[in-house]
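Heads up, target_21.cif below (mmCIF, C-alpha atoms and all ligand atoms; chains and numbers go by the auth columns):
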```cif
data_coords
#
loop_
_atom_site.group_PDB
_atom_site.id
_atom_site.type_symbol
_atom_site.label_atom_id
_atom_site.label_comp_id
_atom_site.label_asym_id
_atom_site.label_seq_id
_atom_site.Cartn_x
_atom_site.Cartn_y
_atom_site.Cartn_z
_atom_site.B_iso_or_equiv
_atom_site.auth_seq_id
_atom_site.auth_asym_id
ATOM 1 C CA MET A 1 11.437 22.334 26.498 0.00 27 E
ATOM 2 C CA THR A 2 14.240 19.811 26.116 0.00 28 E
ATOM 3 C CA ARG A 3 15.619 18.281 29.249 0.00 29 E
ATOM 4 C CA PRO A 4 19.354 17.800 29.608 0.00 30 E
ATOM 5 C CA ALA A 5 20.529 14.491 28.209 0.00 31 E
ATOM 6 C CA LYS A 6 20.616 11.670 30.695 0.00 32 E
ATOM 7 C CA VAL A 7 24.105 10.605 31.720 0.00 33 E
ATOM 8 C CA ILE A 8 24.809 7.054 30.663 0.00 34 E
ATOM 9 C CA TRP A 9 26.505 4.782 33.126 0.00 35 E
ATOM 10 C CA TRP A 10 29.463 2.826 31.931 0.00 36 E
ATOM 11 C CA SER A 11 31.762 0.535 33.791 0.00 37 E
ATOM 12 C CA GLU A 12 35.183 1.953 34.626 0.00 38 E
ATOM 13 C CA ALA A 13 36.429 -1.587 34.632 0.00 39 E
ATOM 14 C CA SER A 14 35.494 -1.871 30.980 0.00 40 E
ATOM 15 C CA ARG A 15 38.037 0.912 30.268 0.00 41 E
ATOM 16 C CA ALA A 16 35.610 2.206 27.699 0.00 42 E
ATOM 17 C CA PRO A 17 36.441 5.768 26.724 0.00 43 E
ATOM 18 C CA PRO A 18 34.011 8.312 28.129 0.00 44 E
ATOM 19 C CA LEU A 19 30.734 8.808 26.366 0.00 45 E
ATOM 20 C CA PHE A 20 30.933 11.159 23.380 0.00 46 E
ATOM 21 C CA ASP A 21 34.640 10.289 22.844 0.00 47 E
ATOM 22 C CA ARG A 22 33.597 7.138 21.040 0.00 48 E
ATOM 23 C CA PRO A 23 30.795 6.165 18.686 0.00 49 E
ATOM 24 C CA LEU A 24 27.606 5.556 20.662 0.00 50 E
ATOM 25 C CA SER A 25 25.858 2.227 20.417 0.00 51 E
ATOM 26 C CA ALA A 26 22.301 2.268 19.117 0.00 52 E
ATOM 27 C CA HIS A 27 21.104 1.586 22.655 0.00 53 E
ATOM 28 C CA GLU A 28 23.039 4.528 24.101 0.00 54 E
ATOM 29 C CA LYS A 29 21.901 6.889 21.345 0.00 55 E
ATOM 30 C CA LEU A 30 18.329 5.829 21.896 0.00 56 E
ATOM 31 C CA THR A 31 18.533 6.184 25.681 0.00 57 E
ATOM 32 C CA LEU A 32 19.900 9.684 25.231 0.00 58 E
ATOM 33 C CA SER A 33 17.246 10.726 22.761 0.00 59 E
ATOM 34 C CA ALA A 34 14.407 8.885 24.508 0.00 60 E
ATOM 35 C CA ASP A 35 14.541 11.204 27.491 0.00 61 E
ATOM 36 C CA GLY A 36 14.214 14.206 25.208 0.00 62 E
ATOM 37 C CA LEU A 37 11.464 12.618 23.151 0.00 63 E
ATOM 38 C CA LEU A 38 9.510 11.078 25.960 0.00 64 E
ATOM 39 C CA GLN A 39 9.196 13.984 28.351 0.00 65 E
ATOM 40 C CA ALA A 40 6.160 13.948 30.536 0.00 66 E
ATOM 41 C CA ASP A 41 3.624 15.194 28.033 0.00 67 E
ATOM 42 C CA PRO A 42 0.003 14.205 28.382 0.00 68 E
ATOM 43 C CA GLY A 43 -0.467 14.922 24.659 0.00 69 E
ATOM 44 C CA CYS A 44 2.172 12.397 23.593 0.00 70 E
ATOM 45 C CA ALA A 45 1.890 8.652 22.976 0.00 71 E
ATOM 46 C CA LEU A 46 4.401 5.973 22.045 0.00 72 E
ATOM 47 C CA ILE A 47 3.134 3.522 19.421 0.00 73 E
ATOM 48 C CA VAL A 48 5.056 0.247 19.327 0.00 74 E
ATOM 49 C CA VAL A 49 4.201 -1.639 16.155 0.00 75 E
ATOM 50 C CA ASP A 50 4.079 -5.450 16.128 0.00 76 E
ATOM 51 C CA VAL A 51 6.963 -6.289 18.477 0.00 77 E
ATOM 52 C CA GLN A 52 5.779 -9.903 18.519 0.00 78 E
ATOM 53 C CA ASN A 53 7.649 -13.201 18.657 0.00 79 E
ATOM 54 C CA ASP A 54 7.098 -14.065 14.993 0.00 80 E
ATOM 55 C CA PHE A 55 8.819 -10.806 13.938 0.00 81 E
ATOM 56 C CA ALA A 56 11.227 -10.133 16.815 0.00 82 E
ATOM 57 C CA ASP A 57 12.451 -13.575 17.869 0.00 83 E
ATOM 58 C CA PRO A 58 14.958 -15.374 15.619 0.00 84 E
ATOM 59 C CA ARG A 59 12.742 -18.496 15.973 0.00 85 E
ATOM 60 C CA GLY A 60 9.735 -16.559 14.695 0.00 86 E
ATOM 61 C CA ALA A 61 7.929 -17.452 11.473 0.00 87 E
ATOM 62 C CA LEU A 62 8.670 -14.094 9.845 0.00 88 E
ATOM 63 C CA PHE A 63 11.739 -12.924 11.757 0.00 89 E
ATOM 64 C CA VAL A 64 12.800 -9.470 10.649 0.00 90 E
ATOM 65 C CA PRO A 65 16.617 -9.236 10.586 0.00 91 E
ATOM 66 C CA GLY A 66 17.571 -7.180 13.639 0.00 92 E
ATOM 67 C CA GLY A 67 14.116 -7.659 15.142 0.00 93 E
ATOM 68 C CA ASP A 68 15.557 -8.955 18.426 0.00 94 E
ATOM 69 C CA GLY A 69 17.565 -5.732 18.800 0.00 95 E
ATOM 70 C CA VAL A 70 14.435 -3.722 18.014 0.00 96 E
ATOM 71 C CA ALA A 71 12.633 -5.567 20.819 0.00 97 E
ATOM 72 C CA GLU A 72 15.343 -4.478 23.281 0.00 98 E
ATOM 73 C CA LEU A 73 15.298 -0.875 22.104 0.00 99 E
ATOM 74 C CA THR A 74 11.520 -0.583 22.105 0.00 100 E
ATOM 75 C CA ALA A 75 11.452 -2.113 25.595 0.00 101 E
ATOM 76 C CA ALA A 76 13.834 0.676 26.707 0.00 102 E
ATOM 77 C CA LEU A 77 11.498 3.237 25.147 0.00 103 E
ATOM 78 C CA VAL A 78 8.490 1.682 26.868 0.00 104 E
ATOM 79 C CA GLU A 79 10.327 1.923 30.189 0.00 105 E
ATOM 80 C CA SER A 80 11.132 5.611 29.548 0.00 106 E
ATOM 81 C CA ALA A 81 7.481 6.156 28.671 0.00 107 E
ATOM 82 C CA ARG A 82 6.399 4.500 31.921 0.00 108 E
ATOM 83 C CA ARG A 83 8.656 6.824 33.929 0.00 109 E
ATOM 84 C CA GLU A 84 7.300 9.842 32.085 0.00 110 E
ATOM 85 C CA LYS A 85 3.690 8.615 32.287 0.00 111 E
ATOM 86 C CA VAL A 86 3.439 8.667 28.497 0.00 112 E
ATOM 87 C CA LEU A 87 0.701 6.494 26.971 0.00 113 E
ATOM 88 C CA VAL A 88 2.057 3.350 25.265 0.00 114 E
ATOM 89 C CA VAL A 89 0.003 1.502 22.667 0.00 115 E
ATOM 90 C CA CYS A 90 1.319 -1.716 21.151 0.00 116 E
ATOM 91 C CA THR A 91 -0.204 -2.996 17.949 0.00 117 E
ATOM 92 C CA GLN A 92 -0.534 -6.752 17.553 0.00 118 E
ATOM 93 C CA ASP A 93 -0.911 -8.616 14.275 0.00 119 E
ATOM 94 C CA TRP A 94 -3.663 -11.151 15.011 0.00 120 E
ATOM 95 C CA HIS A 95 -4.563 -13.348 12.053 0.00 121 E
ATOM 96 C CA PRO A 96 -6.812 -16.363 11.581 0.00 122 E
ATOM 97 C CA LEU A 97 -5.067 -19.535 10.362 0.00 123 E
ATOM 98 C CA VAL A 98 -6.664 -19.134 6.941 0.00 124 E
ATOM 99 C CA THR A 99 -6.541 -15.645 5.399 0.00 125 E
ATOM 100 C CA PRO A 100 -5.793 -14.189 1.962 0.00 126 E
ATOM 101 C CA HIS A 101 -2.936 -12.325 3.765 0.00 127 E
ATOM 102 C CA PHE A 102 -0.955 -15.602 3.789 0.00 128 E
ATOM 103 C CA LYS A 103 0.948 -17.189 0.892 0.00 129 E
ATOM 104 C CA GLU A 104 -1.028 -20.413 1.200 0.00 130 E
ATOM 105 C CA CYS A 105 -4.169 -18.487 0.262 0.00 131 E
ATOM 106 C CA GLY A 106 -2.580 -16.384 -2.466 0.00 132 E
ATOM 107 C CA GLY A 107 -1.192 -13.593 -0.268 0.00 133 E
ATOM 108 C CA PRO A 108 2.344 -12.239 0.033 0.00 134 E
ATOM 109 C CA TRP A 109 3.380 -13.499 3.482 0.00 135 E
ATOM 110 C CA PRO A 110 4.230 -16.825 5.115 0.00 136 E
ATOM 111 C CA THR A 111 1.850 -17.805 7.915 0.00 137 E
ATOM 112 C CA HIS A 112 2.579 -15.594 10.951 0.00 138 E
ATOM 113 C CA CYS A 113 0.992 -14.167 14.100 0.00 139 E
ATOM 114 C CA VAL A 114 -1.890 -16.621 14.195 0.00 140 E
ATOM 115 C CA ALA A 115 -4.266 -15.490 16.933 0.00 141 E
ATOM 116 C CA GLY A 116 -3.479 -17.145 20.261 0.00 142 E
ATOM 117 C CA SER A 117 -0.164 -18.658 19.123 0.00 143 E
ATOM 118 C CA TRP A 118 3.297 -18.066 20.647 0.00 144 E
ATOM 119 C CA GLY A 119 4.273 -16.200 17.486 0.00 145 E
ATOM 120 C CA ALA A 120 1.449 -13.716 17.961 0.00 146 E
ATOM 121 C CA ASP A 121 2.391 -12.970 21.590 0.00 147 E
ATOM 122 C CA LEU A 122 4.035 -9.646 22.254 0.00 148 E
ATOM 123 C CA HIS A 123 7.782 -10.105 22.791 0.00 149 E
ATOM 124 C CA PRO A 124 8.468 -10.994 26.455 0.00 150 E
ATOM 125 C CA LEU A 125 10.425 -7.742 26.941 0.00 151 E
ATOM 126 C CA ILE A 126 7.214 -5.771 26.372 0.00 152 E
ATOM 127 C CA PRO A 127 5.449 -5.396 29.741 0.00 153 E
ATOM 128 C CA ASP A 128 1.802 -6.317 30.129 0.00 154 E
ATOM 129 C CA TRP A 129 0.521 -2.894 31.276 0.00 155 E
ATOM 130 C CA VAL A 130 0.625 -1.393 27.758 0.00 156 E
ATOM 131 C CA GLU A 131 -2.538 -0.746 25.770 0.00 157 E
ATOM 132 C CA VAL A 132 -2.944 -3.227 22.916 0.00 158 E
ATOM 133 C CA VAL A 133 -4.694 -2.751 19.582 0.00 159 E
ATOM 134 C CA ARG A 134 -5.120 -5.855 17.416 0.00 160 E
ATOM 135 C CA LYS A 135 -5.270 -5.886 13.626 0.00 161 E
ATOM 136 C CA GLY A 136 -5.466 -8.364 10.769 0.00 162 E
ATOM 137 C CA GLN A 137 -8.415 -10.412 11.992 0.00 163 E
ATOM 138 C CA GLY A 138 -10.730 -12.089 9.497 0.00 164 E
ATOM 139 C CA SER A 139 -9.727 -11.326 5.921 0.00 165 E
ATOM 140 C CA ASP A 140 -8.160 -7.958 6.830 0.00 166 E
ATOM 141 C CA ASP A 141 -4.652 -7.118 5.633 0.00 167 E
ATOM 142 C CA GLY A 142 -3.568 -5.817 9.023 0.00 168 E
ATOM 143 C CA TYR A 143 -0.807 -3.410 7.983 0.00 169 E
ATOM 144 C CA SER A 144 -1.658 -0.101 9.663 0.00 170 E
ATOM 145 C CA GLY A 145 -2.313 0.109 13.379 0.00 171 E
ATOM 146 C CA PHE A 146 -5.044 2.633 12.610 0.00 172 E
ATOM 147 C CA GLY A 147 -7.091 0.980 9.887 0.00 173 E
ATOM 148 C CA VAL A 148 -7.212 -2.293 7.990 0.00 174 E
ATOM 149 C CA ARG A 149 -8.503 -3.205 4.566 0.00 175 E
ATOM 150 C CA SER A 150 -10.601 -6.304 3.961 0.00 176 E
ATOM 151 C CA LEU A 151 -8.831 -8.414 1.339 0.00 177 E
ATOM 152 C CA ALA A 152 -12.232 -9.886 0.471 0.00 178 E
ATOM 153 C CA THR A 153 -14.257 -6.704 -0.059 0.00 179 E
ATOM 154 C CA GLY A 154 -11.682 -3.875 -0.073 0.00 180 E
ATOM 155 C CA ALA A 155 -13.577 -2.153 2.735 0.00 181 E
ATOM 156 C CA LEU A 156 -11.555 -0.079 5.212 0.00 182 E
ATOM 157 C CA ARG A 157 -12.184 -0.547 8.894 0.00 183 E
ATOM 158 C CA PRO A 158 -10.708 1.369 11.840 0.00 184 E
ATOM 159 C CA THR A 159 -8.924 -0.664 14.513 0.00 185 E
ATOM 160 C CA GLY A 160 -9.867 1.608 17.394 0.00 186 E
ATOM 161 C CA LEU A 161 -6.405 3.184 17.734 0.00 187 E
ATOM 162 C CA ALA A 162 -7.508 6.615 16.470 0.00 188 E
ATOM 163 C CA GLY A 163 -10.422 6.582 18.921 0.00 189 E
ATOM 164 C CA LEU A 164 -8.148 5.574 21.793 0.00 190 E
ATOM 165 C CA LEU A 165 -5.702 8.409 21.037 0.00 191 E
ATOM 166 C CA SER A 166 -8.420 10.969 20.568 0.00 192 E
ATOM 167 C CA LYS A 167 -10.096 10.001 23.855 0.00 193 E
ATOM 168 C CA ARG A 168 -6.755 10.746 25.583 0.00 194 E
ATOM 169 C CA SER A 169 -6.328 14.029 23.620 0.00 195 E
ATOM 170 C CA ILE A 170 -3.108 12.757 22.028 0.00 196 E
ATOM 171 C CA GLU A 171 -1.600 15.157 19.481 0.00 197 E
ATOM 172 C CA ARG A 172 1.921 13.803 19.108 0.00 198 E
ATOM 173 C CA VAL A 173 3.009 10.209 18.482 0.00 199 E
ATOM 174 C CA LEU A 174 6.380 8.490 18.472 0.00 200 E
ATOM 175 C CA VAL A 175 6.429 5.365 16.321 0.00 201 E
ATOM 176 C CA ALA A 176 8.804 2.388 16.591 0.00 202 E
ATOM 177 C CA GLY A 177 8.709 -1.357 15.986 0.00 203 E
ATOM 178 C CA LEU A 178 8.454 -3.821 13.118 0.00 204 E
ATOM 179 C CA ALA A 179 8.669 -3.855 10.264 0.00 205 E
ATOM 180 C CA LEU A 180 9.842 -0.449 9.099 0.00 206 E
ATOM 181 C CA ASP A 181 8.856 -0.880 5.453 0.00 207 E
ATOM 182 C CA VAL A 182 5.483 -2.540 6.125 0.00 208 E
ATOM 183 C CA CYS A 183 3.418 -1.991 9.279 0.00 209 E
ATOM 184 C CA VAL A 184 5.531 0.815 10.810 0.00 210 E
ATOM 185 C CA LYS A 185 5.340 2.746 7.536 0.00 211 E
ATOM 186 C CA ALA A 186 1.595 2.190 7.162 0.00 212 E
ATOM 187 C CA THR A 187 0.968 3.195 10.783 0.00 213 E
ATOM 188 C CA ALA A 188 3.116 6.353 10.627 0.00 214 E
ATOM 189 C CA LEU A 189 1.530 7.439 7.314 0.00 215 E
ATOM 190 C CA ASP A 190 -1.951 7.042 8.802 0.00 216 E
ATOM 191 C CA ALA A 191 -0.893 8.936 11.940 0.00 217 E
ATOM 192 C CA ILE A 192 0.270 11.919 9.922 0.00 218 E
ATOM 193 C CA ALA A 193 -2.835 11.737 7.701 0.00 219 E
ATOM 194 C CA LEU A 194 -4.915 11.975 10.885 0.00 220 E
ATOM 195 C CA GLY A 195 -3.144 15.230 11.752 0.00 221 E
ATOM 196 C CA LEU A 196 -0.951 13.825 14.520 0.00 222 E
ATOM 197 C CA SER A 197 2.559 15.217 14.803 0.00 223 E
ATOM 198 C CA THR A 198 4.486 12.032 14.033 0.00 224 E
ATOM 199 C CA THR A 199 8.081 11.052 14.808 0.00 225 E
ATOM 200 C CA LEU A 200 9.719 7.820 13.665 0.00 226 E
ATOM 201 C CA ILE A 201 12.421 6.499 15.999 0.00 227 E
ATOM 202 C CA LEU A 202 14.536 4.945 13.277 0.00 228 E
ATOM 203 C CA ASP A 203 16.974 3.023 15.499 0.00 229 E
ATOM 204 C CA ALA A 204 14.047 1.215 17.084 0.00 230 E
ATOM 205 C CA THR A 205 12.829 -0.176 13.763 0.00 231 E
ATOM 206 C CA ALA A 206 14.113 -2.636 11.155 0.00 232 E
ATOM 207 C CA PRO A 207 12.935 -3.379 7.608 0.00 233 E
ATOM 208 C CA VAL A 208 11.929 -6.701 6.055 0.00 234 E
ATOM 209 C CA ASP A 209 13.564 -5.510 2.804 0.00 235 E
ATOM 210 C CA LEU A 210 11.545 -7.970 0.713 0.00 236 E
ATOM 211 C CA ASP A 211 13.100 -6.019 -2.142 0.00 237 E
ATOM 212 C CA ARG A 212 16.502 -4.575 -1.335 0.00 238 E
ATOM 213 C CA GLY A 213 16.272 -0.926 -0.351 0.00 239 E
ATOM 214 C CA ASP A 214 12.625 -1.066 0.782 0.00 240 E
ATOM 215 C CA GLY A 215 13.663 0.250 4.201 0.00 241 E
ATOM 216 C CA GLU A 216 15.395 3.312 2.749 0.00 242 E
ATOM 217 C CA LEU A 217 12.466 3.955 0.409 0.00 243 E
ATOM 218 C CA ALA A 218 10.101 3.783 3.378 0.00 244 E
ATOM 219 C CA VAL A 219 12.122 6.385 5.288 0.00 245 E
ATOM 220 C CA ALA A 220 12.123 8.699 2.241 0.00 246 E
ATOM 221 C CA GLU A 221 8.365 8.242 1.831 0.00 247 E
ATOM 222 C CA LEU A 222 7.715 8.956 5.497 0.00 248 E
ATOM 223 C CA ALA A 223 9.912 12.058 5.472 0.00 249 E
ATOM 224 C CA ALA A 224 8.156 13.333 2.328 0.00 250 E
ATOM 225 C CA ALA A 225 4.794 12.839 4.067 0.00 251 E
ATOM 226 C CA GLY A 226 5.936 15.036 6.965 0.00 252 E
ATOM 227 C CA VAL A 227 7.058 12.425 9.490 0.00 253 E
ATOM 228 C CA THR A 228 10.022 13.567 11.586 0.00 254 E
ATOM 229 C CA ILE A 229 12.796 10.970 11.508 0.00 255 E
ATOM 230 C CA VAL A 230 15.108 10.769 14.516 0.00 256 E
HETATM 231 ZN ZN ZN B . 0.366 -9.875 9.143 0.00 301 E
#
```
Just give me the structure of the file as structure tokens.
Amino acid sequence: MTRPAKVIWWSEASRAPPLFDRPLSAHEKLTLSADGLLQADPGCALIVVDVQNDFADPRGALFVPGGDGVAELTAALVESARREKVLVVCTQDWHPLVTPHFKECGGPWPTHCVAGSWGADLHPLIPDWVEVVRKGQGSDDGYSGFGVRSLATGALRPTGLAGLLSKRSIERVLVAGLALDVCVKATALDAIALGLSTTLILDATAPVDLDRGDGELAVAELAAAGVTIV
């Protein structure tokens, strides 16, 4: 059952035209849809992927363009989830200083999210009551919140996220965070492969776009896999 859309407050002094008579900002659109998406539903969880300083703060080592806006939007979603008593799980990239995931050791990425560093901290807008699942330790790649692959042996290892969701009888997940074309994509694809009804909240994501168009390709791939895009 969909609840009526929440009425957005706007300042009369701003002389902004009433809502719906003007294009909505991403924040307003998200606030409107968040209430519909995040209704009190014990079978639903919000997965916030890697909203960490290195990705979401312009001073971060691997800042994703628009990542600071994503931090604000995901924080709004987390707050909606709190009101609706929806489970929130944040994934956290958590690498050793030396790993084949990093350029210096032959990997694709500059050094980022080193365990215990400021860059690895969740963005300050993310509250501390959320559940946290870490990934990318040791020689693991650390892309999906559900399972990681050892870059040394190729072995796959679960992170504990699937177990956490199953213990809470979660059947439906909403996915947001960073980066759309890397860890968000990998996490959403694994969610759908695990049989979870999966929705990507597109406004609350942003791509790295290492190659131009990677973000759009990721959305097409997710839609083809059965992920609902909103
Ligand atoms: Zn990483």
### Task
Point out the residue among E:Ala146, E:Cys209, E:Ala71, E:Val104 with the least atom-to-atom distance to Ser195 (chain E), counting only C-alpha atoms.
E:Ala71
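Among the candidates E:Gly133, E:Pro91, E:Pro184, E:Gly239, the residue lying nearest to ligand ZN 301 (chain E) is E:Gly133 (atoms considered: all atoms listed in the file).
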### Contacts of ligand ZN 301 (chain E), 7 Å or closer, all atoms listed in the file, given as a ChimeraX atom specification
/E:119,121,127,138-139,162,167-169
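Between Leu200 (chain E) and the candidates E:Glu247, E:Asp67, E:Glu130, E:Asp166, the tightest atom-to-atom separation, counting all atoms listed in the file, involves E:Asp67.
Under the PyMOL selection byres (((chain E and resi 113) around 8) and not hetatm), the matching residues in the shown file are Pro68, Cys70, Ala71, Leu72, Ala107, Arg108, Lys111, Val112, Val114, Val115 and Val156 of chain E.
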### Pick from E:Ile196, E:Val124, E:Val90, E:Ala188, whichever lies nearest to Leu236 (chain E) using all atoms listed in the file
E:Val90
### Task
Determine the residue membership of the PyMOL selection byres (((chain E and resi 76) around 7) and not hetatm) for the file above and supply it as a ChimeraX atom specification.
/E:74-75,77-78,116-119,203-204
Evaluate the PyMOL selection byres (((chain E and resi 207) around 8) and not hetatm) and record the selected residues as an mmCIF file with C-alpha atoms, in the coordinates of the input, following the chain and residue labels used in the document.
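Result saved to result_14.cif:
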```cif
data_model
loop_
_atom_site.group_PDB
_atom_site.id
_atom_site.type_symbol
_atom_site.label_atom_id
_atom_site.label_comp_id
_atom_site.auth_asym_id
_atom_site.auth_seq_id
_atom_site.Cartn_x
_atom_site.Cartn_y
_atom_site.Cartn_z
ATOM 1 C CA ALA E 205 8.669 -3.855 10.264
ATOM 2 C CA LEU E 206 9.842 -0.449 9.099
ATOM 3 C CA VAL E 208 5.483 -2.540 6.125
ATOM 4 C CA CYS E 209 3.418 -1.991 9.279
ATOM 5 C CA VAL E 210 5.531 0.815 10.810
ATOM 6 C CA LYS E 211 5.340 2.746 7.536
ATOM 7 C CA ALA E 232 14.113 -2.636 11.155
ATOM 8 C CA PRO E 233 12.935 -3.379 7.608
ATOM 9 C CA VAL E 234 11.929 -6.701 6.055
ATOM 10 C CA ASP E 235 13.564 -5.510 2.804
ATOM 11 C CA ASP E 240 12.625 -1.066 0.782
ATOM 12 C CA GLY E 241 13.663 0.250 4.201
ATOM 13 C CA LEU E 243 12.466 3.955 0.409
ATOM 14 C CA ALA E 244 10.101 3.783 3.378
ATOM 15 C CA VAL E 245 12.122 6.385 5.288
#
```
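Comparing E:Ala181, E:Ala141, E:Val199, E:Leu191 by their smallest distance to Glu157 (chain E), the closest is E:Leu191 (using all atoms listed in the file).
Of the listed residues E:Gly86, E:Gly132, E:Pro153, E:Gly252, the one whose atoms come nearest to Glu98 (chain E) is E:Pro153, with distances taken using all atoms listed in the file.
If you look at CA of Thr225 (chain E) and CA of Val256 (chain E), they are 7.0 Å away from each other.
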### Query
Residues at most 12 Å from Pro150 (chain E), counting all atoms listed in the file, excluding those fewer than 3 positions away in the same chain, as a PyMOL selection string?
chain E and resi 77-80+82-83+94+97-98+100-101+144-147+153-154
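Going from CA of His149 (chain E) over to CA of Glu110 (chain E), you cover 22.0 Å.
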Taking all listed atoms of region 219-235 of chain E, build the axis-aligned box, pad each of the six sides by 6 Å, then write its centre and edge lengths in Å to one decimal as AutoDock Vina command-line options.
```
--center_x 6.0 --center_y 4.3 --center_z 9.9 --size_x 33.9 --size_y 33.9 --size_z 26.3
```
### Task
Enter the distance from CA of Ala178 (chain E) to CA of Cys131 (chain E), in Å, rounded to one decimal.
11.8 Å
Could you add the missing atoms to region 121-142 of chain E, up to N, CA and C atoms, and return them as a PDB file, in the frame of the given file?
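Full text of result.pdb as output:
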```pdb
ATOM      1  N   HIS E 121      -3.909 -12.773  13.226  1.00  0.00           N
ATOM      2  CA  HIS E 121      -4.563 -13.348  12.053  1.00  0.00           C
ATOM      3  C   HIS E 121      -5.245 -14.681  12.343  1.00  0.00           C
ATOM      4  N   PRO E 122      -6.290 -14.980  11.551  1.00  0.00           N
ATOM      5  CA  PRO E 122      -6.812 -16.363  11.581  1.00  0.00           C
ATOM      6  C   PRO E 122      -5.825 -17.279  10.842  1.00  0.00           C
ATOM      7  N   LEU E 123      -5.983 -18.585  11.006  1.00  0.00           N
ATOM      8  CA  LEU E 123      -5.067 -19.535  10.362  1.00  0.00           C
ATOM      9  C   LEU E 123      -5.211 -19.474   8.840  1.00  0.00           C
ATOM     10  N   VAL E 124      -6.416 -19.209   8.385  1.00  0.00           N
ATOM     11  CA  VAL E 124      -6.664 -19.134   6.941  1.00  0.00           C
ATOM     12  C   VAL E 124      -7.069 -17.705   6.605  1.00  0.00           C
ATOM     13  N   THR E 125      -6.257 -17.029   5.791  1.00  0.00           N
ATOM     14  CA  THR E 125      -6.541 -15.645   5.399  1.00  0.00           C
ATOM     15  C   THR E 125      -5.832 -15.351   4.079  1.00  0.00           C
ATOM     16  N   PRO E 126      -6.452 -14.548   3.222  1.00  0.00           N
ATOM     17  CA  PRO E 126      -5.793 -14.189   1.962  1.00  0.00           C
ATOM     18  C   PRO E 126      -4.525 -13.359   2.165  1.00  0.00           C
ATOM     19  N   HIS E 127      -4.183 -13.024   3.419  1.00  0.00           N
ATOM     20  CA  HIS E 127      -2.936 -12.325   3.765  1.00  0.00           C
ATOM     21  C   HIS E 127      -1.743 -13.284   3.660  1.00  0.00           C
ATOM     22  N   PHE E 128      -2.025 -14.600   3.761  1.00  0.00           N
ATOM     23  CA  PHE E 128      -0.955 -15.602   3.789  1.00  0.00           C
ATOM     24  C   PHE E 128      -0.732 -16.215   2.403  1.00  0.00           C
ATOM     25  N   LYS E 129       0.524 -16.583   2.159  1.00  0.00           N
ATOM     26  CA  LYS E 129       0.948 -17.189   0.892  1.00  0.00           C
ATOM     27  C   LYS E 129       0.067 -18.369   0.490  1.00  0.00           C
ATOM     28  N   GLU E 130      -0.251 -19.200   1.489  1.00  0.00           N
ATOM     29  CA  GLU E 130      -1.028 -20.413   1.200  1.00  0.00           C
ATOM     30  C   GLU E 130      -2.382 -20.102   0.587  1.00  0.00           C
ATOM     31  N   CYS E 131      -2.868 -18.885   0.809  1.00  0.00           N
ATOM     32  CA  CYS E 131      -4.169 -18.487   0.262  1.00  0.00           C
ATOM     33  C   CYS E 131      -3.985 -17.392  -0.787  1.00  0.00           C
ATOM     34  N   GLY E 132      -2.806 -17.328  -1.372  1.00  0.00           N
ATOM     35  CA  GLY E 132      -2.580 -16.384  -2.466  1.00  0.00           C
ATOM     36  C   GLY E 132      -2.016 -15.038  -2.046  1.00  0.00           C
ATOM     37  N   GLY E 133      -1.726 -14.867  -0.758  1.00  0.00           N
ATOM     38  CA  GLY E 133      -1.192 -13.593  -0.268  1.00  0.00           C
ATOM     39  C   GLY E 133       0.323 -13.527  -0.335  1.00  0.00           C
ATOM     40  N   PRO E 134       0.894 -12.435   0.165  1.00  0.00           N
ATOM     41  CA  PRO E 134       2.344 -12.239   0.033  1.00  0.00           C
ATOM     42  C   PRO E 134       3.192 -12.818   1.174  1.00  0.00           C
ATOM     43  N   TRP E 135       2.585 -13.201   2.292  1.00  0.00           N
ATOM     44  CA  TRP E 135       3.380 -13.499   3.482  1.00  0.00           C
ATOM     45  C   TRP E 135       3.253 -14.947   3.937  1.00  0.00           C
ATOM     46  N   PRO E 136       4.355 -15.512   4.469  1.00  0.00           N
ATOM     47  CA  PRO E 136       4.230 -16.825   5.115  1.00  0.00           C
ATOM     48  C   PRO E 136       3.311 -16.701   6.340  1.00  0.00           C
ATOM     49  N   THR E 137       2.753 -17.816   6.753  1.00  0.00           N
ATOM     50  CA  THR E 137       1.850 -17.805   7.915  1.00  0.00           C
ATOM     51  C   THR E 137       2.578 -17.223   9.132  1.00  0.00           C
ATOM     52  N   HIS E 138       1.960 -16.238   9.782  1.00  0.00           N
ATOM     53  CA  HIS E 138       2.579 -15.594  10.951  1.00  0.00           C
ATOM     54  C   HIS E 138       1.492 -15.038  11.870  1.00  0.00           C
ATOM     55  N   CYS E 139       1.862 -14.834  13.105  1.00  0.00           N
ATOM     56  CA  CYS E 139       0.992 -14.167  14.100  1.00  0.00           C
ATOM     57  C   CYS E 139      -0.438 -14.695  14.069  1.00  0.00           C
ATOM     58  N   VAL E 140      -0.549 -16.015  14.129  1.00  0.00           N
ATOM     59  CA  VAL E 140      -1.890 -16.621  14.195  1.00  0.00           C
ATOM     60  C   VAL E 140      -2.438 -16.400  15.610  1.00  0.00           C
ATOM     61  N   ALA E 141      -3.644 -15.861  15.654  1.00  0.00           N
ATOM     62  CA  ALA E 141      -4.266 -15.490  16.933  1.00  0.00           C
ATOM     63  C   ALA E 141      -4.099 -16.584  17.981  1.00  0.00           C
ATOM     64  N   GLY E 142      -3.598 -16.208  19.144  1.00  0.00           N
ATOM     65  CA  GLY E 142      -3.479 -17.145  20.261  1.00  0.00           C
ATOM     66  C   GLY E 142      -2.205 -17.968  20.254  1.00  0.00           C
TER      67      GLY E 142
END
```
